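Written below as C-alpha cells is the structure these notes are about.
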Amino acid sequence: MRIETLAVHAGQEPDPATGAVTPPIHLSTTFERAPDGSYPHGHMYSRTSNPNRAALEASLAALEGGTGAAAFASGSAAAMTVFQALAPGDHVLAPDDVYHGTARLLRETFVPWGLAMDFVDMTDLARVQAALRPETRLLWVETPSNPLLKITDIAALATLAHAAGALVVCDNTWATPILQRPLALGADLVVHATTKYLGGHSDVLGGGVVGDEASEFFRRVRSIQTTGGAVPSPFECWLVLRGIRTLPYRMRAHSENALAVARFLNGHPAVEVVHYPGLETHAGYAVAQRQMTLPGGMISFQVRGDSTRAMAVAAQVRVFTRATSLGGPESLIEHRASVEGPETRTPQNLLRLSIGLEHHDDLIEDLAQALQ
Ligand SMILES: *Cc1c(COP(=O)(O)O)cnc(C)c1O
C-alpha cells in the first residue's frame, strides 16, 4: 500500500470489542491471564506492551518499511537506547552538526560510560572513511542536518559502513518517512523524535526506533525498552498515532510553504545565505533530489550582521513564534546559537525556521517586515 493509506490504516483497526472506529485509550497497567496461564490478548504488563503502544509501533514500522518498531517517551530516550545497545569500547561516528541533545548525550553520558566517538562531516565520505576504526560499530546520520540542512547520501554511507562492519542509524526526524525512507536506502535503523512532525501538533513528546525486529541489535533495543521502561504513556501513543494520520498531507504543505519562504529569503538584501535543500544553490541539492521526495519544512538563514542583528530580526516577527522545536502547525523562529550554549558551532547570525501550515504569503510578509 502507498504511504498515505498506511498513515491512515497501519496499526488502526476498529476496536474489536466495541466497534469504535477511533481506538480507545487503554490505561490498564496489567492484563488478565487465562486459566491455562496464557495471555490471550498478547499483553501482560504495560511496561512490556500495551494496545496503544503496539498500535503506534505497528504504524511506525509500516511507514518506515521495517519489521519492528519500539516506541519511547522522547526522541532522546530512543537515541539513548541505541547507544545503550552498544558495548563499552565500541566506537561511534556522529555528524559534526548532530542534533545538540544527541551530542550532549554522547559527550556527557556515553563517553564516560565507555563509548569512543568522533564527530565527522558525514557529507564528506572520504573523511568518514578516514575516521573509521576497527572497533567502529555505528554511524549516526541526520539528513537534512540541524541547523545547516546539510545532506548526506544515505546509500553511499551505508555501503561504506557495511564494508567496515558498522551499522548505520538514521535520525529521520526532520525528513519523516514521507520525504525519505532510510531503511530502503540501506540504513539499519531509523530513529525518530515523534515529538516533531509525526505528533505534528506541538503537544506530545515521543520517540521511536524502527528496524528489523529479528536482528540481534534490534532485540537489544527491545530488551532495553521493556526492561528500562523509558516508554510513552497510552495517551501519548494515541496522540502520536492521531498525528500520523495526516502526516503525508502536512509534509506536502510544510514543504510547499518552505520552498516559497526560502525563495523569498534567498533574494533578500538583508540575508547573507539561505540553507534549504530545495534551492538549486544548496550544496546538497542533487543528493536531496535523488533521495528525498520533497525538501521539507525546515530552513536556516544567516542575516547580514552579527548575533544582535539576528536577535533583532527574531524580535520583530508577528506571525512566527519565537520558540524552539519544530514540526507543528505554527511557524517557529529560533536563534539557534543562544539555545545551544557556549560550545555551539552554529553561526551567530543564523536563524532557524520551522515552517508551519499558515499561508506562505503571510509568513513571507511577516519576514519582510521583520528584516526591514
Ligand atoms: C527534537 C529532536 C530530537 C530529540 O527529541 P526529544 O523528543 O526532544 O527528546 C532528536 N533528534 C532530532 C533531529 C530532533 O529534532
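In the C-alpha cells, chains take the letters A, B, ... in the order shown, each chain's residues start at 1, and ligands count up from 1 in the order shown.
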
* What residues in region 165-340 of chain A get the DSSP label alpha helix (DSSP H)? Please answer as a ChimeraX atom specification. -> /A:176-179,216-228,234-244,247-266,285-291,307-316,336-340

* **Residues within 10 Å of Gly297 (chain A), only C-alpha atoms, excluding chain neighbours under 4 positions, as JSON, numbers by chain** => {"A": [174, 175, 197, 250, 251, 252, 253, 254, 255, 256, 257, 258, 259, 261, 262, 276, 278, 326, 327, 331, 353, 354, 355, 356, 357]}

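Counting only C-alpha atoms and comparing A:Met1, A:Ala312, A:Ala78, A:Leu27, the residue that lies closest to Gln372 (chain A) is A:Ala312.
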
* Neighbour list for region 152-155 of chain A as a PyMOL selection string, cut-off 8 Å, only C-alpha atoms, skip fewer than 5 positions in-chain -> chain A and resi 122-123+141-144+182+185-187+284+287+291

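Remark: for Val190 (chain A), the closest of the candidate residues A:Thr30, A:Ser202, A:Ser307, A:Thr67 is A:Thr67 (distances computed over only C-alpha atoms).
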
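CA of Met292 (chain A) to CA of Cys170 (chain A) spans 13.8 Å [interatomic distance, one decimal].
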
Near Thr321 (chain A), counting only C-alpha atoms, which residues have an atom at most 10 Å away, once you skip same-chain residues fewer than 3 positions from it, shown as an mmCIF file with N, CA and C atoms, in the first residue's frame?
```cif
data_model
loop_
_atom_site.group_PDB
_atom_site.id
_atom_site.type_symbol
_atom_site.label_atom_id
_atom_site.label_comp_id
_atom_site.auth_asym_id
_atom_site.auth_seq_id
_atom_site.Cartn_x
_atom_site.Cartn_y
_atom_site.Cartn_z
ATOM 1 N N ALA A 314 14.484 38.375 14.934
ATOM 2 C CA ALA A 314 13.569 37.454 15.625
ATOM 3 C C ALA A 314 12.616 38.216 16.551
ATOM 4 N N ALA A 315 13.092 39.356 17.072
ATOM 5 C CA ALA A 315 12.264 40.145 17.994
ATOM 6 C C ALA A 315 11.074 40.813 17.285
ATOM 7 N N VAL A 317 9.121 39.589 14.672
ATOM 8 C CA VAL A 317 8.094 38.781 13.987
ATOM 9 C C VAL A 317 6.748 38.860 14.703
ATOM 10 N N ARG A 318 5.670 38.699 13.893
ATOM 11 C CA ARG A 318 4.316 38.739 14.449
ATOM 12 C C ARG A 318 3.558 37.445 14.195
ATOM 13 N N THR A 324 11.683 27.140 20.434
ATOM 14 C CA THR A 324 12.447 26.033 19.880
ATOM 15 C C THR A 324 11.483 24.956 19.400
ATOM 16 N N GLU A 330 2.221 25.629 13.683
ATOM 17 C CA GLU A 330 2.590 27.048 13.783
ATOM 18 C C GLU A 330 4.055 27.226 13.389
ATOM 19 N N SER A 331 4.348 28.279 12.662
ATOM 20 C CA SER A 331 5.735 28.541 12.268
ATOM 21 C C SER A 331 6.530 29.080 13.454
ATOM 22 N N LEU A 332 7.767 28.589 13.582
ATOM 23 C CA LEU A 332 8.637 28.991 14.685
ATOM 24 C C LEU A 332 9.920 29.599 14.150
ATOM 25 N N ILE A 333 10.472 30.541 14.911
ATOM 26 C CA ILE A 333 11.771 31.138 14.569
ATOM 27 C C ILE A 333 12.666 31.018 15.794
ATOM 28 N N GLU A 334 13.929 30.711 15.558
ATOM 29 C CA GLU A 334 14.809 30.463 16.695
ATOM 30 C C GLU A 334 16.238 30.906 16.404
ATOM 31 N N LEU A 353 14.141 28.356 10.987
ATOM 32 C CA LEU A 353 12.687 28.442 10.850
ATOM 33 C C LEU A 353 12.084 27.050 10.747
ATOM 34 N N SER A 354 11.042 26.803 11.535
ATOM 35 C CA SER A 354 10.197 25.632 11.296
ATOM 36 C C SER A 354 8.961 26.197 10.618
#
```

Which chain A residues have any atom within 7 Å of an atom of ligand 1, and for each, what is the nearest pair of atoms with distance in Å to one decimal, counting only C-alpha atoms and all ligand atoms, rows sorted by chain and number, as a Markdown table?
```
| residue | atom | partner | partner_atom_place_in_ligand_line | distance |
| --- | --- | --- | --- | --- |
| A:Ser74 | CA | ligand 1 | 7 (O) | 3.8 |
| A:Gly75 | CA | ligand 1 | 5 (O) | 3.4 |
| A:Ser76 | CA | ligand 1 | 9 (O) | 3.6 |
| A:Ala77 | CA | ligand 1 | 9 (O) | 6.4 |
| A:Tyr99 | CA | ligand 1 | 13 (C) | 5.3 |
| A:Gly101 | CA | ligand 1 | 4 (C) | 6.5 |
| A:Thr102 | CA | ligand 1 | 10 (C) | 6.6 |
| A:Glu142 | CA | ligand 1 | 13 (C) | 6.7 |
| A:Asn146 | CA | ligand 1 | 13 (C) | 6.7 |
| A:Asp171 | CA | ligand 1 | 13 (C) | 6.0 |
| A:Thr173 | CA | ligand 1 | 13 (C) | 5.1 |
| A:Trp174 | CA | ligand 1 | 13 (C) | 5.9 |
| A:His192 | CA | ligand 1 | 11 (N) | 6.7 |
| A:Ala193 | CA | ligand 1 | 5 (O) | 4.3 |
| A:Thr194 | CA | ligand 1 | 7 (O) | 6.6 |
| A:Thr195 | CA | ligand 1 | 7 (O) | 4.9 |
| A:Lys196 | CA | ligand 1 | 1 (C) | 6.5 |
| A:Leu205 | CA | ligand 1 | 7 (O) | 5.1 |
| A:Gly206 | CA | ligand 1 | 7 (O) | 5.2 |
| A:Gly207 | CA | ligand 1 | 7 (O) | 5.9 |
| A:Ser325 | CA | ligand 1 | 1 (C) | 6.3 |
```

* **Gap from CA of Val313 (chain A) to CA of Leu371 (chain A) - Å, one decimal** => 5.7 Å

* Work out how far CA of Gly200 (chain A) is from CA of Thr346 (chain A), in Å to one decimal. => 25.7 Å

* Asked: region 95-333 of chain A: which residues are strand (DSSP E or B) by DSSP, as a VMD selection string?
  -> chain A and resid 95 116 to 120 136 to 142 167 to 171 189 to 193 207 to 211 271 to 275 298 to 303 321 to 322 332 to 333

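By chain and then residue number, the residues within 8 Å of region 159-161 of chain A are Gln129, Leu138, Leu139, Leu167, Val168 and Gly186 of chain A, counting only C-alpha atoms and disregarding those fewer than 6 positions away in sequence.
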
Just C-alpha atoms for this one: save the residues we selected as an mmCIF file, in the first residue's frame.
```
data_model
loop_
_atom_site.group_PDB
_atom_site.id
_atom_site.type_symbol
_atom_site.label_atom_id
_atom_site.label_comp_id
_atom_site.auth_asym_id
_atom_site.auth_seq_id
_atom_site.Cartn_x
_atom_site.Cartn_y
_atom_site.Cartn_z
ATOM 1 C CA GLN A 129 36.303 6.597 5.599
ATOM 2 C CA LEU A 138 27.831 2.505 14.469
ATOM 3 C CA LEU A 139 27.484 5.532 12.174
ATOM 4 C CA LEU A 167 25.652 -0.237 11.416
ATOM 5 C CA VAL A 168 24.010 2.911 10.058
ATOM 6 C CA GLY A 186 20.457 0.771 3.195
#
```

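Among the candidates A:Ala164, A:Ala94, A:Val339, A:Leu106, the one nearest to Val120 (chain A) when counting only C-alpha atoms is A:Ala94.
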
* Contacts of Asp366 (chain A) at 10 Å or less, counting only C-alpha atoms, minus same-chain residues fewer than 2 places along, as number ranges by chain? -> A: 316-320, 360-364, 368-371
